[in-house]
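Novice: For reference, the file model.txt (compact mmCIF, C-alpha atoms) is included below:
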```txt
# COMPACT_ATOMS: atom_id res chain seq x y z
CA MET A 1 -11.54 -0.23 -26.08
CA ASN A 2 -7.88 -0.92 -26.77
CA ILE A 3 -5.31 -0.30 -24.07
CA GLU A 4 -1.55 -0.55 -23.92
CA PHE A 5 0.51 -1.43 -20.89
CA PHE A 6 3.79 -3.08 -20.04
CA LEU A 7 3.55 -6.61 -18.73
CA ASN A 8 6.81 -8.04 -17.40
CA GLY A 9 8.69 -5.55 -19.55
CA ASN A 10 6.82 -6.28 -22.79
CA LEU A 11 4.33 -3.92 -24.37
CA GLN A 12 0.84 -5.41 -24.49
CA ARG A 13 -1.93 -4.16 -26.76
CA ILE A 14 -5.27 -5.67 -25.88
CA ALA A 15 -8.96 -4.96 -26.16
CA ILE A 16 -10.84 -4.66 -22.87
CA THR A 17 -14.25 -3.56 -21.65
CA SER A 18 -15.20 -1.58 -18.55
CA VAL A 19 -16.64 -4.64 -16.83
CA GLN A 20 -13.46 -6.73 -16.82
CA ARG A 21 -11.19 -7.21 -13.85
CA ALA A 22 -7.43 -6.90 -14.31
CA PHE A 23 -7.09 -10.47 -13.04
CA ASP A 24 -9.20 -11.87 -15.88
CA VAL A 25 -7.38 -9.89 -18.53
CA LEU A 26 -3.96 -10.97 -17.26
CA VAL A 27 -4.93 -14.63 -17.02
CA ASP A 28 -7.23 -15.04 -20.04
CA GLN A 29 -5.82 -12.55 -22.51
CA CYS A 30 -2.18 -12.28 -21.51
CA GLY A 31 -1.59 -15.91 -20.51
CA ILE A 32 -0.30 -15.26 -16.99
CA LYS A 33 -0.32 -18.55 -15.10
CA SER A 34 0.94 -17.52 -11.66
CA LEU A 35 -2.27 -15.81 -10.56
CA SER A 36 -5.05 -17.77 -8.98
CA GLU A 37 -8.45 -16.92 -7.68
CA ILE A 38 -9.41 -18.83 -4.59
CA CYS A 39 -11.90 -16.61 -2.85
CA PRO A 40 -14.15 -14.30 -4.84
CA ASP A 41 -13.48 -11.18 -2.78
CA SER A 42 -9.74 -11.48 -3.18
CA GLU A 43 -9.10 -11.82 0.55
CA CYS A 44 -6.62 -14.59 -0.23
CA SER A 45 -4.28 -12.29 -2.20
CA ASN A 46 -3.27 -15.03 -4.59
CA CYS A 47 -3.86 -12.57 -7.36
CA LEU A 48 -1.03 -10.20 -6.34
CA ILE A 49 0.77 -8.24 -9.02
CA LEU A 50 3.23 -5.38 -8.97
CA TYR A 51 1.39 -2.34 -10.31
CA ASP A 52 3.94 0.39 -11.04
CA GLY A 53 6.11 -1.31 -8.41
CA ARG A 54 3.38 -1.59 -5.78
CA LEU A 55 1.77 -4.79 -4.59
CA VAL A 56 -1.87 -4.75 -5.61
CA GLN A 57 -4.63 -7.36 -5.81
CA SER A 58 -5.50 -7.79 -9.47
CA TYR A 59 -8.91 -9.25 -8.67
CA ILE A 60 -10.26 -6.00 -7.23
CA LEU A 61 -8.61 -3.87 -9.90
CA PRO A 62 -10.69 -2.93 -12.95
CA ALA A 63 -8.87 -3.81 -16.18
CA PHE A 64 -9.14 -0.27 -17.52
CA LEU A 65 -6.72 0.84 -14.80
CA LEU A 66 -3.97 -1.24 -16.41
CA ARG A 67 -3.65 1.33 -19.18
CA GLU A 68 -0.15 2.84 -19.46
CA ARG A 69 1.02 1.04 -16.31
CA HIS A 70 3.96 -1.26 -15.66
CA ILE A 71 2.69 -4.60 -14.45
CA GLU A 72 4.92 -7.36 -13.13
CA THR A 73 4.02 -10.86 -12.07
CA ILE A 74 6.27 -13.49 -10.54
CA GLU A 75 7.01 -14.78 -14.08
CA ASN A 76 9.22 -11.72 -14.50
CA PHE A 77 11.53 -12.85 -11.72
CA THR A 78 11.71 -16.64 -11.97
CA LYS A 79 15.01 -16.52 -13.87
CA SER A 80 16.62 -13.98 -11.58
CA LYS A 81 19.33 -14.76 -9.04
CA GLU A 82 17.15 -13.30 -6.29
CA TYR A 83 14.40 -15.77 -7.10
CA GLY A 84 16.77 -18.73 -7.06
CA ILE A 85 18.27 -17.81 -3.69
CA LEU A 86 14.91 -16.93 -2.17
CA SER A 87 13.32 -20.11 -3.39
CA ALA A 88 16.15 -22.26 -1.99
CA GLU A 89 16.13 -20.51 1.38
CA PHE A 90 12.33 -20.53 1.69
CA ASP A 91 12.26 -24.20 0.76
CA LYS A 92 14.83 -24.94 3.48
CA GLU A 93 12.68 -23.11 6.03
CA GLY A 94 9.53 -24.92 4.90
CA LEU A 95 7.95 -21.65 3.79
CA LEU A 96 6.93 -22.99 0.41
CA SER A 97 4.75 -25.74 1.79
CA CYS A 98 1.51 -24.07 0.76
CA ALA A 99 0.86 -24.51 -2.93
CA TYR A 100 -1.81 -21.82 -2.86
CA CYS A 101 0.24 -18.84 -1.81
CA ASN A 102 3.76 -19.69 -3.05
CA ASN A 103 3.65 -17.30 -5.99
CA SER A 104 2.32 -14.43 -3.91
CA LEU A 105 4.80 -15.13 -1.14
CA MET A 106 7.71 -15.09 -3.60
CA LEU A 107 6.43 -11.87 -5.18
CA VAL A 108 6.15 -10.25 -1.75
CA ALA A 109 9.71 -11.35 -0.92
CA ILE A 110 11.11 -10.07 -4.23
CA HIS A 111 9.28 -6.79 -3.73
CA LEU A 112 10.67 -6.40 -0.21
CA ILE A 113 14.29 -7.02 -1.19
CA GLN A 114 13.98 -4.79 -4.25
CA ARG A 115 12.60 -1.97 -2.16
CA SER A 116 15.02 -2.17 0.72
CA LEU A 117 18.02 -4.21 1.72
CA SER A 118 16.90 -4.01 5.32
CA PRO A 119 13.12 -4.22 5.42
CA SER A 120 11.79 -3.45 8.87
CA TRP A 121 9.73 -5.88 10.88
CA HIS A 122 6.79 -3.53 10.41
CA GLU A 123 7.15 -3.58 6.60
CA ILE A 124 7.34 -7.36 6.60
CA SER A 125 4.39 -7.96 8.92
CA ASP A 126 2.30 -5.26 7.22
CA ILE A 127 2.72 -6.87 3.81
CA LEU A 128 2.35 -10.42 5.10
CA ALA A 129 -0.96 -9.40 6.67
CA SER A 130 -2.24 -9.15 3.11
CA LEU A 131 -1.62 -12.85 2.57
CA HIS A 132 -4.36 -14.69 4.37
CA CYS A 133 -2.50 -17.96 4.65
CA SER A 134 -2.14 -19.66 8.02
CA HIS A 135 0.90 -21.58 6.78
CA ILE A 136 3.14 -18.52 6.75
CA ASP A 137 5.20 -17.96 9.85
CA PRO A 138 6.14 -14.26 9.72
CA ARG A 139 9.23 -14.74 11.91
CA ALA A 140 10.54 -17.59 9.77
CA PHE A 141 9.83 -15.48 6.68
CA ALA A 142 11.74 -12.50 8.13
CA ASP A 143 14.69 -14.72 9.14
CA ALA A 144 14.86 -16.35 5.70
CA LEU A 145 14.63 -12.96 4.03
CA SER A 146 17.47 -11.56 6.10
CA LYS A 147 19.66 -14.59 5.21
CA VAL A 148 18.91 -14.05 1.52
CA ILE A 149 19.73 -10.35 1.79
CA GLN A 150 23.14 -11.28 3.25
CA GLN A 151 23.83 -13.64 0.33
CA LEU A 152 22.71 -11.23 -2.37
CA PRO A 153 25.81 -9.03 -2.79
CA ILE A 154 28.00 -12.08 -3.44
CA ALA A 155 25.43 -13.78 -5.66
CA ARG A 156 24.99 -10.65 -7.75
CA LYS A 157 28.75 -10.48 -8.43
CA THR A 158 29.02 -14.09 -9.60
CA PRO A 159 28.29 -14.57 -13.30
CA MET V 1 -23.68 -6.52 -19.23
CA ASN V 2 -23.61 -2.72 -19.38
CA LEU V 3 -20.45 -1.36 -20.90
CA SER V 4 -19.27 2.11 -19.97
CA GLU V 5 -17.35 4.66 -21.94
CA ILE V 6 -13.98 5.29 -20.32
CA TYR V 7 -12.12 8.60 -20.24
CA TYR V 8 -8.55 9.18 -19.14
CA PRO V 9 -8.18 12.92 -18.53
CA ARG V 10 -4.63 14.20 -18.02
CA SER V 11 -5.48 17.42 -16.22
CA ILE V 12 -8.20 18.80 -13.99
CA GLN V 13 -9.32 21.14 -16.80
CA GLU V 14 -9.76 18.16 -19.12
CA LEU V 15 -11.70 16.32 -16.40
CA ILE V 16 -13.99 19.31 -15.84
CA ALA V 17 -14.65 19.54 -19.59
CA ILE V 18 -15.69 15.87 -19.58
CA MET V 19 -17.88 16.47 -16.51
CA ALA V 20 -19.61 19.31 -18.35
CA ARG V 21 -20.38 17.02 -21.29
CA GLN V 22 -21.28 13.81 -19.45
CA LYS V 23 -24.04 14.07 -16.88
CA ASN V 24 -23.66 10.62 -15.35
CA LEU V 25 -19.92 10.45 -14.98
CA GLN V 26 -18.43 8.12 -12.40
CA ILE V 27 -15.03 9.25 -11.22
CA VAL V 28 -12.65 6.49 -10.21
CA ALA V 29 -9.08 6.52 -8.98
CA GLY V 30 -8.17 3.27 -7.21
CA ALA V 31 -11.64 1.78 -7.71
CA THR V 32 -10.97 -0.64 -4.84
CA SER V 33 -14.45 -0.20 -3.38
CA PHE V 34 -16.04 -1.25 -6.68
CA GLY V 35 -13.81 -4.27 -7.11
CA TYR V 36 -14.22 -5.32 -3.50
CA ILE V 37 -17.95 -4.83 -3.02
CA GLN V 38 -19.08 -6.17 -6.36
CA ASP V 39 -18.80 -9.90 -5.99
CA THR V 40 -19.92 -10.68 -9.51
CA ARG V 41 -17.40 -11.72 -12.14
CA TYR V 42 -18.04 -8.55 -14.12
CA LEU V 43 -17.89 -5.06 -12.68
CA PHE V 44 -20.63 -2.51 -13.02
CA PHE V 45 -20.10 1.22 -13.48
CA ASP V 46 -22.17 4.20 -14.61
CA PRO V 47 -22.43 4.74 -18.39
CA SER V 48 -19.33 6.97 -18.33
CA ILE V 49 -16.20 6.59 -16.22
CA ALA V 50 -13.32 9.01 -15.77
CA SER V 51 -10.13 7.45 -14.46
CA ILE V 52 -8.23 10.21 -12.67
CA ARG V 53 -4.99 8.29 -12.09
CA ASN V 54 -3.25 10.21 -14.88
CA ILE V 55 -3.82 13.65 -13.38
CA PRO V 56 -0.53 14.59 -11.71
CA GLU V 57 -2.03 17.51 -9.72
CA LEU V 58 -4.21 15.06 -7.83
CA LYS V 59 -1.24 13.08 -6.55
CA THR V 60 0.90 15.83 -5.05
CA ILE V 61 1.49 16.62 -1.39
CA HIS V 62 2.29 20.23 -0.43
CA LYS V 63 3.29 21.50 2.95
CA THR V 64 3.40 25.13 4.03
CA GLU V 65 3.96 26.66 7.45
CA ARG V 66 0.25 26.62 8.13
CA MET V 67 -1.15 23.59 6.40
CA ILE V 68 -0.58 20.36 4.60
CA SER V 69 -2.51 19.63 1.45
CA PHE V 70 -2.73 16.39 -0.43
CA GLY V 71 -4.31 15.53 -3.74
CA ALA V 72 -7.41 13.38 -3.67
CA ALA V 73 -5.73 10.67 -5.77
CA CYS V 74 -2.89 10.10 -3.28
CA ALA V 75 -2.86 6.45 -2.28
CA LEU V 76 -3.50 5.83 1.43
CA ASN V 77 -0.01 4.34 1.80
CA ASP V 78 1.50 7.58 0.41
CA LEU V 79 0.18 9.43 3.45
CA GLU V 80 1.82 7.27 6.12
CA SER V 81 4.71 9.61 6.72
CA VAL V 82 2.90 12.95 6.56
CA TYR V 83 0.85 14.89 9.11
CA PRO V 84 -1.42 13.78 10.73
CA PHE V 85 -0.61 10.15 9.94
CA GLU V 86 2.95 10.44 11.17
CA LYS V 87 1.41 10.45 14.66
CA LYS V 88 1.12 6.92 15.97
CA PRO V 89 -2.63 6.79 16.79
CA ALA V 90 -3.51 8.34 13.40
CA ARG V 91 -1.15 5.98 11.57
CA GLU V 92 -2.81 3.01 13.26
CA VAL V 93 -6.22 4.13 11.99
CA LEU V 94 -4.75 4.52 8.50
CA ARG V 95 -3.31 1.02 8.63
CA ALA V 96 -6.60 -0.37 9.92
CA THR V 97 -8.48 0.92 6.88
CA ALA V 98 -7.43 -2.03 4.72
CA ASN V 99 -4.48 -4.32 4.16
CA SER V 100 -1.30 -2.98 2.60
CA THR V 101 -2.07 -4.17 -0.94
CA VAL V 102 -5.38 -2.31 -0.91
CA ARG V 103 -3.85 0.81 0.67
CA ASN V 104 -1.32 0.81 -2.18
CA ILE V 105 -4.04 1.76 -4.62
CA ALA V 106 -7.06 2.98 -2.61
CA THR V 107 -7.05 6.78 -2.52
CA ILE V 108 -7.83 9.29 0.19
CA GLY V 109 -10.41 10.88 -2.13
CA GLY V 110 -12.24 7.60 -2.66
CA HIS V 111 -12.10 6.97 1.08
CA LEU V 112 -13.69 10.31 1.97
CA MET V 113 -16.21 10.29 -0.88
CA TYR V 114 -17.61 6.85 -0.10
CA GLN V 115 -21.31 7.46 -0.37
CA LYS V 116 -22.78 4.84 1.92
CA ARG V 117 -21.17 5.69 5.24
CA PHE V 118 -18.23 7.42 6.85
CA LEU V 119 -15.04 5.40 6.65
CA ALA V 120 -12.24 5.25 9.22
CA LEU V 121 -10.27 8.41 8.41
CA TRP V 122 -13.29 10.70 8.15
CA PRO V 123 -13.78 11.40 11.90
CA LEU V 124 -10.05 11.95 12.35
CA LEU V 125 -9.91 14.54 9.57
CA ALA V 126 -13.13 16.12 10.87
CA CYS V 127 -11.47 16.51 14.28
CA LEU V 128 -8.55 18.28 12.61
CA ASP V 129 -10.84 20.71 10.74
CA ALA V 130 -9.82 19.42 7.31
CA GLU V 131 -11.05 21.42 4.36
CA LEU V 132 -11.96 19.84 1.06
CA GLU V 133 -11.54 21.50 -2.30
CA PHE V 134 -14.04 20.54 -5.00
CA LYS V 135 -13.94 21.46 -8.65
CA GLY V 136 -16.61 21.17 -11.29
CA PRO V 137 -18.05 22.86 -14.37
CA SER V 138 -19.63 25.52 -12.13
CA GLY V 139 -16.38 26.44 -10.38
CA THR V 140 -14.35 25.69 -7.28
CA SER V 141 -15.62 25.40 -3.73
CA ILE V 142 -13.93 24.77 -0.42
CA LYS V 143 -15.84 23.15 2.42
CA ASN V 144 -15.05 22.04 5.93
CA ILE V 145 -15.27 18.25 5.87
CA TRP V 146 -18.06 18.38 8.47
CA TYR V 147 -20.35 19.92 5.84
CA LEU V 148 -20.40 16.64 3.97
CA THR V 149 -23.06 15.56 6.46
CA ASN V 150 -26.75 16.39 6.30
CA GLU V 151 -29.02 17.28 9.25
CA GLU V 152 -29.40 13.62 10.18
CA GLY V 153 -25.65 13.10 10.20
CA LEU V 154 -25.70 11.03 7.02
CA PRO V 155 -23.23 11.49 4.15
CA SER V 156 -24.27 14.28 1.84
CA LEU V 157 -21.85 14.51 -1.06
CA GLU V 158 -21.43 17.15 -3.70
CA SER V 159 -22.82 16.13 -7.05
CA ARG V 160 -21.14 17.04 -10.35
CA ARG V 161 -18.02 18.11 -8.53
CA VAL V 162 -14.81 16.25 -7.98
CA LEU V 163 -12.84 16.31 -4.75
CA THR V 164 -9.43 17.63 -5.76
CA ARG V 165 -7.52 18.41 -2.55
CA ILE V 166 -7.66 17.84 1.18
CA ARG V 167 -6.16 20.60 3.32
CA ILE V 168 -5.40 20.15 6.98
CA PRO V 169 -4.25 23.03 9.19
CA LEU V 170 -0.91 22.23 10.79
CA GLN V 171 -1.48 22.62 14.46
CA SER V 172 -0.02 21.24 17.57
CA ILE V 173 -2.39 18.51 18.71
CA ASP V 174 -1.30 17.29 22.15
CA ARG V 175 -3.59 14.38 22.37
CA LEU V 176 -5.49 12.13 20.02
CA PHE V 177 -7.96 9.78 21.65
CA ILE V 178 -9.21 7.17 19.18
CA ARG V 179 -11.55 4.25 19.83
CA ARG V 180 -13.15 1.89 17.38
CA THR V 181 -16.46 0.17 18.03
CA GLY V 182 -18.36 -2.58 16.27
CA ALA V 183 -17.13 -5.09 13.78
CA GLU V 184 -17.02 -4.04 10.17
CA ILE V 185 -16.50 -0.49 8.96
CA PHE V 186 -16.35 -1.24 5.26
CA PRO V 187 -18.42 -1.71 3.19
CA ASN V 188 -21.48 -1.23 5.39
CA GLY V 189 -21.02 -2.74 8.85
CA ASP V 190 -22.05 -1.23 12.19
CA GLY V 191 -18.52 -0.18 13.13
CA ALA V 192 -17.61 3.40 13.98
CA TYR V 193 -14.69 5.51 15.17
CA LEU V 194 -14.74 8.01 18.00
CA VAL V 195 -11.94 10.54 17.74
CA ALA V 196 -11.13 13.36 20.17
CA ALA V 197 -8.31 15.82 19.48
CA SER V 198 -7.14 18.34 22.04
CA THR V 199 -4.47 20.92 22.73
CA ILE V 200 -3.71 22.29 26.16
CA GLU V 201 -1.93 25.57 26.69
CA ARG V 202 -0.98 26.47 30.24
CA ASN V 203 -4.22 26.37 32.18
CA SER V 204 -6.67 26.20 29.36
CA ILE V 205 -7.78 23.87 26.62
CA SER V 206 -7.17 25.79 23.42
CA TYR V 207 -8.57 23.16 21.06
CA PHE V 208 -11.04 20.35 21.50
CA ARG V 209 -12.99 18.36 18.93
CA LEU V 210 -14.88 15.12 19.39
CA VAL V 211 -16.38 13.36 16.38
CA ILE V 212 -18.05 9.98 16.07
CA ALA V 213 -18.64 8.61 12.60
CA GLY V 214 -19.78 5.36 11.09
CA GLN V 215 -23.22 4.91 9.60
CA ARG V 216 -23.85 8.49 10.75
CA ALA V 217 -21.68 11.28 12.08
CA PHE V 218 -22.02 13.13 15.37
CA ARG V 219 -20.47 16.25 16.82
CA ASP V 220 -21.65 18.68 19.52
CA TYR V 221 -20.30 22.19 18.96
CA ASP V 222 -21.77 23.53 22.22
CA ALA V 223 -20.06 20.87 24.31
CA GLU V 224 -16.76 21.59 22.52
CA GLN V 225 -17.19 25.31 23.23
CA ARG V 226 -17.96 24.59 26.89
CA ILE V 227 -14.70 22.66 27.18
CA THR V 228 -12.52 25.19 25.41
CA SER V 229 -13.89 28.07 27.48
CA SER V 230 -13.20 26.34 30.79
CA PRO V 231 -10.03 26.38 32.88
CA TYR V 232 -7.90 23.28 32.76
CA PRO V 233 -8.05 20.74 34.35
CA LEU V 234 -11.83 20.66 34.07
CA THR V 235 -13.64 20.89 37.38
CA GLU V 236 -15.91 18.03 38.30
CA ARG V 237 -18.90 20.26 37.71
CA VAL V 238 -17.80 21.17 34.17
CA PHE V 239 -16.85 17.57 33.42
CA HIS V 240 -20.34 16.33 34.33
CA SER V 241 -22.07 19.24 32.65
CA VAL V 242 -20.21 18.49 29.39
CA LEU V 243 -21.03 14.81 29.66
CA ARG V 244 -24.70 15.73 30.17
CA MET V 245 -24.58 17.94 27.08
CA TYR V 246 -23.22 15.05 25.03
CA SER V 247 -25.84 12.70 26.45
CA GLU V 248 -28.64 15.11 25.57
CA SER V 249 -27.41 15.73 22.05
CA LEU V 250 -26.96 12.00 21.40
CA HIS V 251 -30.59 11.55 22.54
CA ARG V 252 -31.78 14.50 20.50
CA THR V 253 -30.17 13.25 17.32
CA LYS V 254 -31.36 9.68 18.04
CA PHE V 255 -27.80 8.55 17.49
CA TRP V 256 -27.38 4.80 17.28
CA ASN V 257 -25.52 2.79 19.94
CA MET V 258 -25.81 5.63 22.45
CA GLU V 259 -25.26 3.31 25.41
CA LEU V 260 -21.88 2.46 23.90
CA PHE V 261 -20.78 5.92 22.83
CA LEU V 262 -21.55 7.80 26.03
CA PRO V 263 -19.06 5.81 28.14
CA LEU V 264 -16.50 6.31 25.36
CA ILE V 265 -17.08 10.07 25.44
CA SER V 266 -16.58 9.91 29.20
CA GLN V 267 -13.30 8.03 28.60
CA ALA V 268 -12.21 10.69 26.10
CA LEU V 269 -12.82 13.40 28.69
CA GLU V 270 -10.98 11.44 31.38
CA ASP V 271 -8.09 11.06 28.93
CA LEU V 272 -8.13 14.82 28.45
CA GLN V 273 -7.94 15.31 32.22
CA ARG V 274 -4.99 12.92 32.47
CA SER V 275 -3.03 14.72 29.78
CA SER V 276 -2.06 17.37 32.37
CA VAL V 277 0.60 15.01 33.63
CA LEU V 278 2.28 14.89 30.21
```
Could you express the structure from this file as structure tokens?
Specialist:
Amino acid sequence: MNIEFFLNGNLQRIAITSVQRAFDVLVDQCGIKSLSEICPDSECSNCLILYDGRLVQSYILPAFLLRERHIETIENFTKSKEYGILSAEFDKEGLLSCAYCNNSLMLVAIHLIQRSLSPSWHEISDILASLHCSHIDPRAFADALSKVIQQLPIARKTP
Amino acid sequence: MNLSEIYYPRSIQELIAIMARQKNLQIVAGATSFGYIQDTRYLFFDPSIASIRNIPELKTIHKTERMISFGAACALNDLESVYPFEKKPAREVLRATANSTVRNIATIGGHLMYQKRFLALWPLLACLDAELEFKGPSGTSIKNIWYLTNEEGLPSLESRRVLTRIRIPLQSIDRLFIRRTGAEIFPNGDGAYLVAASTIERNSISYFRLVIAGQRAFRDYDAEQRITSSPYPLTERVFHSVLRMYSESLHRTKFWNMELFLPLISQALEDLQRSSVL
């Protein structure tokens, strides 16, 4: 069947079947490169997407549930000021040392700062618990995030 | 590879019309259990699927003076700030159901209608006397959640009906005692939850429920009645008599892991006794 959905702001029209996972459709049919599949049951969360603004694992999501939804991947944010500041700060803190989860970590960070300019420790640790990567230090992540949030108002004003 | 026909109803009426036409219709909302359990590259569904994510009525939360009602397609994370999950012990069970990215899409309806066992929130909602509304081609029915169990305490789900709403009476619950046993709950481990909910008014216990659920579900109405008809705090005689009732009914129903659950029931009763100091 044919479905339509928005991917990173662009309307996609693709043919899918009931057996496909959203992950496969996004990677194989839509050309998304930021998603990776490391463990088959998606415990690793390297397949995270924003599904109508919510973080969801695309590997456990059937493709037919993409219909009429707004999907965002990290590709949608790589040119944003937020991404640039986050990436620089995370790099400084050594948070981007794990090649496997960098994209998911950045998407989580973007999602947190988009949702709230003062994410609580609970929100941060709850979301980070979804990323099964031993390289992530939640405290360092929270500290870096709070530094970025402080820089954002100025960065957003500069052209 | 078996391909299924997919329907996207936009209202409950449209869904019911599809249910009337299609005998083997699989209803999915978040579909997380399918995507998680099926470890093959391709997913498998029944010949017809109805995705109910586009039905707005199934995503609403209503609150009246007497009850809270939420649609079966509400995501688990949408319920964090509403009764009973606003209470810390209940919220912790909600958060323990899955990680945040799964709770963002997994629905309360899918959680309660899981066919293989009782998942984490089931015993909690059973303790709070939750009522479930089902709709289907033959009409609407409302059932206490406990009646989704058969005589052996195994899940017994309605066929050809869709769970539409979950209603929970708003009541003052003084104490929630929650313990988890075993390792895995989902998809089919030996884990279980024991939940006891109680309300104490002056010198009597006005409300007491104790439910254990995992592979099977357990509840002893007579023991609950014995507690609620006794003065509070319970005398030692009543305490031991109730514990004996639970022990006998666990034996009678050949409930699994009895040697583990009986001490937990004793702890729940001791917790009830302690609540007098609150």
Novice: Can I get the residues of chain A within 10 Å of chain V, each with the closest pair of atoms and their distance in Å to one decimal, using only C-alpha atoms, sorted chain first then ascending number, as a Markdown table?
Specialist:
```
| residue | atom | partner | partner_atom | distance |
| --- | --- | --- | --- | --- |
| A:Met1 | CA | V:Ile6 | CA | 8.3 |
| A:Thr17 | CA | V:Leu3 | CA | 6.6 |
| A:Ser18 | CA | V:Ser4 | CA | 5.7 |
| A:Val19 | CA | V:Leu43 | CA | 4.4 |
| A:Gln20 | CA | V:Tyr42 | CA | 5.6 |
| A:Arg21 | CA | V:Tyr42 | CA | 7.0 |
| A:Ala22 | CA | V:Gly35 | CA | 10.0 |
| A:Asp24 | CA | V:Arg41 | CA | 9.0 |
| A:Pro40 | CA | V:Asp39 | CA | 6.5 |
| A:Asp41 | CA | V:Tyr36 | CA | 6.0 |
| A:Ser42 | CA | V:Tyr36 | CA | 7.6 |
| A:Glu43 | CA | V:Tyr36 | CA | 9.2 |
| A:Ser45 | CA | V:Thr101 | CA | 8.5 |
| A:Leu48 | CA | V:Thr101 | CA | 8.2 |
| A:Ile49 | CA | V:Thr101 | CA | 9.5 |
| A:Leu50 | CA | V:Thr101 | CA | 9.7 |
| A:Tyr51 | CA | V:Ile105 | CA | 8.9 |
| A:Gly53 | CA | V:Asn104 | CA | 9.9 |
| A:Arg54 | CA | V:Asn104 | CA | 6.4 |
| A:Leu55 | CA | V:Thr101 | CA | 5.3 |
| A:Val56 | CA | V:Thr101 | CA | 4.7 |
| A:Gln57 | CA | V:Thr101 | CA | 6.4 |
| A:Ser58 | CA | V:Gly35 | CA | 9.3 |
| A:Tyr59 | CA | V:Gly35 | CA | 7.2 |
| A:Ile60 | CA | V:Gly35 | CA | 4.0 |
| A:Leu61 | CA | V:Gly35 | CA | 5.9 |
| A:Pro62 | CA | V:Gly35 | CA | 6.8 |
| A:Ala63 | CA | V:Leu43 | CA | 9.8 |
| A:Phe64 | CA | V:Ile6 | CA | 7.9 |
| A:Leu65 | CA | V:Ser51 | CA | 7.4 |
| A:Arg67 | CA | V:Tyr8 | CA | 9.3 |
| A:Glu68 | CA | V:Asn54 | CA | 9.2 |
| A:Glu123 | CA | V:Ser100 | CA | 9.4 |
| A:Ser125 | CA | V:Ser100 | CA | 9.9 |
| A:Asp126 | CA | V:Ser100 | CA | 6.3 |
| A:Ile127 | CA | V:Ser100 | CA | 5.7 |
| A:Leu128 | CA | V:Ser100 | CA | 8.7 |
| A:Ala129 | CA | V:Asn99 | CA | 6.7 |
| A:Ser130 | CA | V:Asn99 | CA | 5.4 |
| A:Leu131 | CA | V:Asn99 | CA | 9.1 |
```
Novice: Need the shell around Leu112 (chain A): protein/DNA/RNA residues with any atom at most 12 Å away, counting only C-alpha atoms. Skip same-chain ones fewer than 2 positions apart. Format as an MDAnalysis selection string?
Specialist: chainID A and resid 50 53:55 82 86 105:110 114:128 141:142 145:146 148:149
Novice: Looking at all atoms listed in the file, which of A:Cys101, A:Ile16, A:Cys133, A:Leu11 is the one that sits closest to Ile74 (chain A)?
Specialist: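 With all atoms listed in the file as the atom set, the closest residue is A:Cys101.
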Novice: How many Å separate CA of Pro9 (chain V) from CA of Val27 (chain A)?
Specialist: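 Between CA of Pro9 (chain V) and CA of Val27 (chain A) the gap is 27.8 Å.
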Novice: Suppose you want the space between CA of Gly214 (chain V) and CA of Leu250 (chain V); what is it in Å?
Specialist: 14.2 Å
Novice: Hey, can you check how far CA of Leu157 (chain V) sits from CA of Tyr114 (chain V)?
Specialist: 8.8 Å
Novice: Measuring atom to atom with only C-alpha atoms, identify which of A:Ser36, A:Ser134, A:Ser97, A:Ser104 is nearest to Phe23 (chain A).
Specialist: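 The shortest atom-to-atom distance to Phe23 (chain A) comes from A:Ser36.
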Novice: So which one's closest to Ser87 (chain A), A:Ala144, A:Glu37, A:Gly31, A:Ile3? Using all atoms listed in the file, please.
Specialist: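 That would be A:Ala144, the residue with the smallest distance to Ser87 (chain A).
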Novice: Residues proximal to (-4.7, 2.2, 9.8) were defined as those with any atom within 12 Å of that point in the file's coordinates, counting only C-alpha atoms. Which are they, as an mmCIF file with C-alpha atoms, in the coordinates of the input?
Specialist:
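Written file, selection22.cif:
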```cif
data_model
loop_
_atom_site.group_PDB
_atom_site.id
_atom_site.type_symbol
_atom_site.label_atom_id
_atom_site.label_comp_id
_atom_site.auth_asym_id
_atom_site.auth_seq_id
_atom_site.Cartn_x
_atom_site.Cartn_y
_atom_site.Cartn_z
ATOM 1 C CA ASP A 126 2.300 -5.260 7.220
ATOM 2 C CA LEU V 76 -3.500 5.830 1.430
ATOM 3 C CA ASN V 77 -0.010 4.340 1.800
ATOM 4 C CA LEU V 79 0.180 9.430 3.450
ATOM 5 C CA GLU V 80 1.820 7.270 6.120
ATOM 6 C CA PHE V 85 -0.610 10.150 9.940
ATOM 7 C CA GLU V 86 2.950 10.440 11.170
ATOM 8 C CA LYS V 87 1.410 10.450 14.660
ATOM 9 C CA LYS V 88 1.120 6.920 15.970
ATOM 10 C CA PRO V 89 -2.630 6.790 16.790
ATOM 11 C CA ALA V 90 -3.510 8.340 13.400
ATOM 12 C CA ARG V 91 -1.150 5.980 11.570
ATOM 13 C CA GLU V 92 -2.810 3.010 13.260
ATOM 14 C CA VAL V 93 -6.220 4.130 11.990
ATOM 15 C CA LEU V 94 -4.750 4.520 8.500
ATOM 16 C CA ARG V 95 -3.310 1.020 8.630
ATOM 17 C CA ALA V 96 -6.600 -0.370 9.920
ATOM 18 C CA THR V 97 -8.480 0.920 6.880
ATOM 19 C CA ALA V 98 -7.430 -2.030 4.720
ATOM 20 C CA ASN V 99 -4.480 -4.320 4.160
ATOM 21 C CA SER V 100 -1.300 -2.980 2.600
ATOM 22 C CA VAL V 102 -5.380 -2.310 -0.910
ATOM 23 C CA ARG V 103 -3.850 0.810 0.670
ATOM 24 C CA LEU V 119 -15.040 5.400 6.650
ATOM 25 C CA ALA V 120 -12.240 5.250 9.220
ATOM 26 C CA LEU V 121 -10.270 8.410 8.410
ATOM 27 C CA LEU V 124 -10.050 11.950 12.350
ATOM 28 C CA ILE V 178 -9.210 7.170 19.180
ATOM 29 C CA ARG V 180 -13.150 1.890 17.380
ATOM 30 C CA TYR V 193 -14.690 5.510 15.170
#
```
